[in-house]
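Here is the file query-v5.cif (mmCIF, N, CA and C atoms).
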data_protein
loop_
_atom_site.label_atom_id
_atom_site.label_comp_id
_atom_site.auth_asym_id
_atom_site.auth_seq_id
_atom_site.Cartn_x
_atom_site.Cartn_y
_atom_site.Cartn_z
N MET J 1 17.31 -11.77 16.55
CA MET J 1 17.58 -10.77 15.54
C MET J 1 17.61 -11.44 14.17
N LYS J 2 16.89 -10.85 13.21
CA LYS J 2 16.82 -11.43 11.87
C LYS J 2 18.07 -11.11 11.08
N SER J 3 18.45 -12.07 10.26
CA SER J 3 19.60 -11.89 9.38
C SER J 3 19.13 -11.24 8.08
N ASN J 4 19.96 -10.37 7.52
CA ASN J 4 19.65 -9.75 6.24
C ASN J 4 20.13 -10.60 5.07
N GLN J 5 20.71 -11.74 5.35
CA GLN J 5 21.18 -12.61 4.29
C GLN J 5 20.00 -13.29 3.62
N PRO J 6 20.06 -13.44 2.29
CA PRO J 6 18.97 -14.13 1.61
C PRO J 6 18.95 -15.60 1.99
N LYS J 7 17.76 -16.18 2.00
CA LYS J 7 17.62 -17.61 2.29
C LYS J 7 18.14 -18.40 1.10
N HIS J 8 18.95 -19.38 1.39
CA HIS J 8 19.47 -20.24 0.34
C HIS J 8 18.55 -21.45 0.20
N PRO J 9 18.33 -21.90 -1.04
CA PRO J 9 17.49 -23.09 -1.21
C PRO J 9 18.12 -24.31 -0.55
N THR J 10 17.26 -25.18 -0.10
CA THR J 10 17.69 -26.40 0.58
C THR J 10 17.07 -27.60 -0.11
N PHE J 11 17.85 -28.66 -0.27
CA PHE J 11 17.30 -29.91 -0.79
C PHE J 11 16.61 -30.65 0.34
N LEU J 12 15.44 -31.20 0.02
CA LEU J 12 14.68 -31.98 0.98
C LEU J 12 14.59 -33.42 0.51
N ARG J 13 14.77 -34.37 1.43
CA ARG J 13 14.57 -35.77 1.11
C ARG J 13 13.08 -36.09 1.21
N LYS J 14 12.72 -37.24 0.70
CA LYS J 14 11.31 -37.64 0.63
C LYS J 14 10.63 -37.59 1.99
N GLY J 15 11.28 -38.08 3.03
CA GLY J 15 10.68 -38.07 4.37
C GLY J 15 10.34 -36.67 4.84
N LYS J 16 11.20 -35.73 4.55
CA LYS J 16 10.95 -34.34 4.95
C LYS J 16 9.81 -33.74 4.14
N VAL J 17 9.74 -34.10 2.84
CA VAL J 17 8.63 -33.62 2.00
C VAL J 17 7.31 -34.17 2.54
N VAL J 18 7.30 -35.43 2.95
CA VAL J 18 6.12 -36.04 3.55
C VAL J 18 5.74 -35.30 4.83
N ASP J 19 6.73 -35.00 5.67
CA ASP J 19 6.46 -34.27 6.92
C ASP J 19 5.89 -32.88 6.65
N ILE J 20 6.49 -32.17 5.70
CA ILE J 20 6.08 -30.79 5.42
C ILE J 20 4.69 -30.73 4.81
N THR J 21 4.42 -31.61 3.85
CA THR J 21 3.15 -31.55 3.12
C THR J 21 2.01 -32.26 3.85
N GLY J 22 2.34 -33.22 4.71
CA GLY J 22 1.30 -34.01 5.36
C GLY J 22 0.78 -35.13 4.48
N LEU J 23 1.39 -35.32 3.31
CA LEU J 23 0.99 -36.40 2.42
C LEU J 23 1.64 -37.70 2.90
N SER J 24 0.99 -38.82 2.62
CA SER J 24 1.63 -40.10 2.90
C SER J 24 2.64 -40.38 1.78
N PRO J 25 3.61 -41.24 2.03
CA PRO J 25 4.58 -41.56 0.97
C PRO J 25 3.90 -42.11 -0.29
N SER J 26 2.88 -42.94 -0.12
CA SER J 26 2.20 -43.50 -1.30
C SER J 26 1.42 -42.44 -2.06
N THR J 27 0.80 -41.51 -1.35
CA THR J 27 0.09 -40.42 -2.02
C THR J 27 1.07 -39.52 -2.76
N LEU J 28 2.20 -39.24 -2.15
CA LEU J 28 3.22 -38.44 -2.81
C LEU J 28 3.64 -39.11 -4.12
N GLU J 29 3.92 -40.40 -4.08
CA GLU J 29 4.31 -41.14 -5.28
C GLU J 29 3.22 -41.10 -6.35
N ARG J 30 1.99 -41.26 -5.93
CA ARG J 30 0.86 -41.24 -6.87
C ARG J 30 0.73 -39.88 -7.53
N LEU J 31 0.85 -38.82 -6.76
CA LEU J 31 0.75 -37.47 -7.31
C LEU J 31 1.88 -37.17 -8.29
N ILE J 32 3.07 -37.66 -7.99
CA ILE J 32 4.21 -37.47 -8.90
C ILE J 32 3.92 -38.19 -10.21
N LYS J 33 3.46 -39.44 -10.13
CA LYS J 33 3.16 -40.21 -11.34
C LYS J 33 2.05 -39.58 -12.16
N GLN J 34 1.10 -38.93 -11.50
CA GLN J 34 0.00 -38.26 -12.19
C GLN J 34 0.38 -36.87 -12.70
N GLY J 35 1.59 -36.42 -12.37
CA GLY J 35 2.02 -35.09 -12.78
C GLY J 35 1.42 -33.98 -11.94
N LEU J 36 0.94 -34.32 -10.75
CA LEU J 36 0.30 -33.35 -9.88
C LEU J 36 1.21 -32.84 -8.76
N PHE J 37 2.41 -33.40 -8.69
CA PHE J 37 3.41 -32.95 -7.73
C PHE J 37 4.74 -32.92 -8.48
N PRO J 38 5.59 -31.94 -8.19
CA PRO J 38 6.86 -31.85 -8.91
C PRO J 38 7.72 -33.10 -8.79
N LYS J 39 8.32 -33.49 -9.90
CA LYS J 39 9.22 -34.64 -9.90
C LYS J 39 10.48 -34.29 -9.11
N PRO J 40 11.08 -35.29 -8.48
CA PRO J 40 12.31 -35.03 -7.72
C PRO J 40 13.50 -34.80 -8.64
N THR J 41 14.52 -34.25 -8.04
CA THR J 41 15.81 -34.05 -8.69
C THR J 41 16.77 -35.08 -8.13
N TYR J 42 17.69 -35.53 -8.96
CA TYR J 42 18.74 -36.44 -8.51
C TYR J 42 20.07 -35.73 -8.77
N LEU J 43 20.95 -35.71 -7.78
CA LEU J 43 22.18 -34.93 -7.90
C LEU J 43 23.11 -35.42 -9.00
N HIS J 44 23.06 -36.71 -9.28
CA HIS J 44 23.82 -37.24 -10.41
C HIS J 44 23.11 -38.48 -10.93
N GLU J 45 23.48 -38.93 -12.10
CA GLU J 45 22.73 -39.99 -12.78
C GLU J 45 22.68 -41.31 -12.02
N LYS J 46 23.64 -41.59 -11.16
CA LYS J 46 23.65 -42.85 -10.41
C LYS J 46 22.97 -42.73 -9.05
N SER J 47 22.54 -41.54 -8.71
CA SER J 47 21.91 -41.33 -7.41
C SER J 47 20.52 -41.95 -7.39
N ARG J 48 20.17 -42.55 -6.28
CA ARG J 48 18.83 -43.11 -6.08
C ARG J 48 18.05 -42.30 -5.05
N ILE J 49 18.64 -41.23 -4.59
CA ILE J 49 18.00 -40.43 -3.55
C ILE J 49 17.22 -39.28 -4.19
N PRO J 50 15.87 -39.35 -4.13
CA PRO J 50 15.09 -38.25 -4.69
C PRO J 50 15.17 -37.02 -3.78
N LEU J 51 15.37 -35.87 -4.39
CA LEU J 51 15.47 -34.62 -3.66
C LEU J 51 14.57 -33.57 -4.30
N TRP J 52 14.03 -32.70 -3.48
CA TRP J 52 13.24 -31.57 -3.95
C TRP J 52 13.81 -30.30 -3.35
N LEU J 53 13.82 -29.23 -4.11
CA LEU J 53 14.17 -27.93 -3.54
C LEU J 53 13.02 -27.49 -2.64
N ASP J 54 13.35 -26.99 -1.48
CA ASP J 54 12.31 -26.58 -0.54
C ASP J 54 11.36 -25.57 -1.14
N GLU J 55 11.89 -24.64 -1.92
CA GLU J 55 11.04 -23.59 -2.49
C GLU J 55 10.03 -24.17 -3.49
N VAL J 56 10.37 -25.26 -4.15
CA VAL J 56 9.44 -25.93 -5.08
C VAL J 56 8.29 -26.56 -4.29
N VAL J 57 8.62 -27.21 -3.19
CA VAL J 57 7.59 -27.84 -2.35
C VAL J 57 6.67 -26.78 -1.75
N TYR J 58 7.23 -25.70 -1.23
CA TYR J 58 6.41 -24.65 -0.63
C TYR J 58 5.55 -23.95 -1.68
N GLN J 59 6.08 -23.78 -2.89
CA GLN J 59 5.29 -23.17 -3.96
C GLN J 59 4.13 -24.08 -4.34
N TRP J 60 4.36 -25.38 -4.41
CA TRP J 60 3.28 -26.33 -4.70
C TRP J 60 2.19 -26.21 -3.64
N MET J 61 2.59 -26.11 -2.36
CA MET J 61 1.62 -25.98 -1.28
C MET J 61 0.82 -24.68 -1.41
N ARG J 62 1.49 -23.58 -1.75
CA ARG J 62 0.78 -22.30 -1.95
C ARG J 62 -0.20 -22.42 -3.11
N ASP J 63 0.22 -23.06 -4.19
CA ASP J 63 -0.65 -23.25 -5.35
C ASP J 63 -1.89 -24.07 -4.98
N MET J 64 -1.70 -25.13 -4.18
CA MET J 64 -2.83 -25.96 -3.76
C MET J 64 -3.79 -25.15 -2.89
N ALA J 65 -3.25 -24.34 -2.01
CA ALA J 65 -4.08 -23.52 -1.12
C ALA J 65 -4.88 -22.49 -1.93
N ASP J 66 -4.28 -21.97 -2.99
CA ASP J 66 -4.95 -20.97 -3.82
C ASP J 66 -6.09 -21.57 -4.62
N GLN J 67 -6.05 -22.86 -4.87
CA GLN J 67 -7.11 -23.53 -5.66
C GLN J 67 -8.37 -23.75 -4.87
N GLU J 68 -8.28 -23.70 -3.56
CA GLU J 68 -9.47 -23.96 -2.73
C GLU J 68 -10.35 -22.76 -2.62
#
In structure tokens, how does this file's structure come out?
Amino acid sequence: MKSNQPKHPTFLRKGKVVDITGLSPSTLERLIKQGLFPKPTYLHEKSRIPLWLDEVVYQWMRDMADQE
């Protein structure tokens, strides 16, 4: 049974972004540096853990699919 509750955004770590997109870690880094993939978010200034909102990653994938 489906829930009527709205989906809440989820933070994804780099490994999960790699799994979802099918990109290699090095390709992901290259695309970020080239401005072709959204930059990660860090929860606070001392954090070293890059995070992406799931909806940002899925929107990027939809945008890529629309370009083909």
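Between Leu23 (chain J) and the residues J:Val57, J:Gly35, J:Leu43, J:Asp63, the shortest atom-to-atom distance, using only C-alpha atoms, involves J:Val57.
Interatomic distance, CA of Thr10 (chain J) to CA of Asp54 (chain J): 5.5 Å.
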At a cut-off of 8 Å from (14.3, -28.1, -1.3) in the coordinates of the file, what residues are picked up using all atoms listed in the file, written as a short mmCIF file (atom, residue, chain, number, x, y, z; two decimals) with N, CA and C atoms, in the frame of the given file?
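And here's result11.cif as it stands now:
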data_model
loop_
_atom_site.label_atom_id
_atom_site.label_comp_id
_atom_site.auth_asym_id
_atom_site.auth_seq_id
_atom_site.Cartn_x
_atom_site.Cartn_y
_atom_site.Cartn_z
N PRO J 9 18.33 -21.90 -1.04
CA PRO J 9 17.49 -23.09 -1.21
C PRO J 9 18.12 -24.31 -0.55
N THR J 10 17.26 -25.18 -0.10
CA THR J 10 17.69 -26.40 0.58
C THR J 10 17.07 -27.60 -0.11
N PHE J 11 17.85 -28.66 -0.27
CA PHE J 11 17.30 -29.91 -0.79
C PHE J 11 16.61 -30.65 0.34
N LEU J 12 15.44 -31.20 0.02
CA LEU J 12 14.68 -31.98 0.98
C LEU J 12 14.59 -33.42 0.51
N ARG J 13 14.77 -34.37 1.43
CA ARG J 13 14.57 -35.77 1.11
C ARG J 13 13.08 -36.09 1.21
N LEU J 51 15.37 -35.87 -4.39
CA LEU J 51 15.47 -34.62 -3.66
C LEU J 51 14.57 -33.57 -4.30
N TRP J 52 14.03 -32.70 -3.48
CA TRP J 52 13.24 -31.57 -3.95
C TRP J 52 13.81 -30.30 -3.35
N LEU J 53 13.82 -29.23 -4.11
CA LEU J 53 14.17 -27.93 -3.54
C LEU J 53 13.02 -27.49 -2.64
N ASP J 54 13.35 -26.99 -1.48
CA ASP J 54 12.31 -26.58 -0.54
C ASP J 54 11.36 -25.57 -1.14
N GLU J 55 11.89 -24.64 -1.92
CA GLU J 55 11.04 -23.59 -2.49
C GLU J 55 10.03 -24.17 -3.49
N VAL J 56 10.37 -25.26 -4.15
CA VAL J 56 9.44 -25.93 -5.08
C VAL J 56 8.29 -26.56 -4.29
N VAL J 57 8.62 -27.21 -3.19
CA VAL J 57 7.59 -27.84 -2.35
C VAL J 57 6.67 -26.78 -1.75
N TYR J 58 7.23 -25.70 -1.23
CA TYR J 58 6.41 -24.65 -0.63
C TYR J 58 5.55 -23.95 -1.68
#
From CA of Lys7 (chain J) to atom N of Phe37 (chain J) the spacing works out at 24.5 Å
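One distance worth recording is that between atom N of Pro38 (chain J) and CA of Trp60 (chain J), which is 7.0 Å.
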Name the residues of chain J that come out as helix (DSSP H, G or I) in a backbone DSSP run; write them as an NGL selection string.
-> :J and (14-21 or 25-33 or 54-67)
Taking the DSSP secondary structure from the backbone, can you list the residues of region 2-57 of chain J that are strand (DSSP E), as a PDB file with N, CA and C atoms, keeping the file's coordinate frame?
ATOM      1  N   PHE J  11      17.850 -28.660  -0.270  1.00  0.00           N
ATOM      2  CA  PHE J  11      17.300 -29.910  -0.790  1.00  0.00           C
ATOM      3  C   PHE J  11      16.610 -30.650   0.340  1.00  0.00           C
ATOM      4  N   LEU J  12      15.440 -31.200   0.020  1.00  0.00           N
ATOM      5  CA  LEU J  12      14.680 -31.980   0.980  1.00  0.00           C
ATOM      6  C   LEU J  12      14.590 -33.420   0.510  1.00  0.00           C
ATOM      7  N   ARG J  13      14.770 -34.370   1.430  1.00  0.00           N
ATOM      8  CA  ARG J  13      14.570 -35.770   1.110  1.00  0.00           C
ATOM      9  C   ARG J  13      13.080 -36.090   1.210  1.00  0.00           C
ATOM     10  N   LEU J  51      15.370 -35.870  -4.390  1.00  0.00           N
ATOM     11  CA  LEU J  51      15.470 -34.620  -3.660  1.00  0.00           C
ATOM     12  C   LEU J  51      14.570 -33.570  -4.300  1.00  0.00           C
ATOM     13  N   TRP J  52      14.030 -32.700  -3.480  1.00  0.00           N
ATOM     14  CA  TRP J  52      13.240 -31.570  -3.950  1.00  0.00           C
ATOM     15  C   TRP J  52      13.810 -30.300  -3.350  1.00  0.00           C
ATOM     16  N   LEU J  53      13.820 -29.230  -4.110  1.00  0.00           N
ATOM     17  CA  LEU J  53      14.170 -27.930  -3.540  1.00  0.00           C
ATOM     18  C   LEU J  53      13.020 -27.490  -2.640  1.00  0.00           C
TER      19      LEU J  53
END
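With only N, CA and C atoms as the atoms that count, the residue of J:Pro50, J:Glu29, J:His44, J:Arg62 with the shortest distance to Lys14 (chain J) is J:Pro50.
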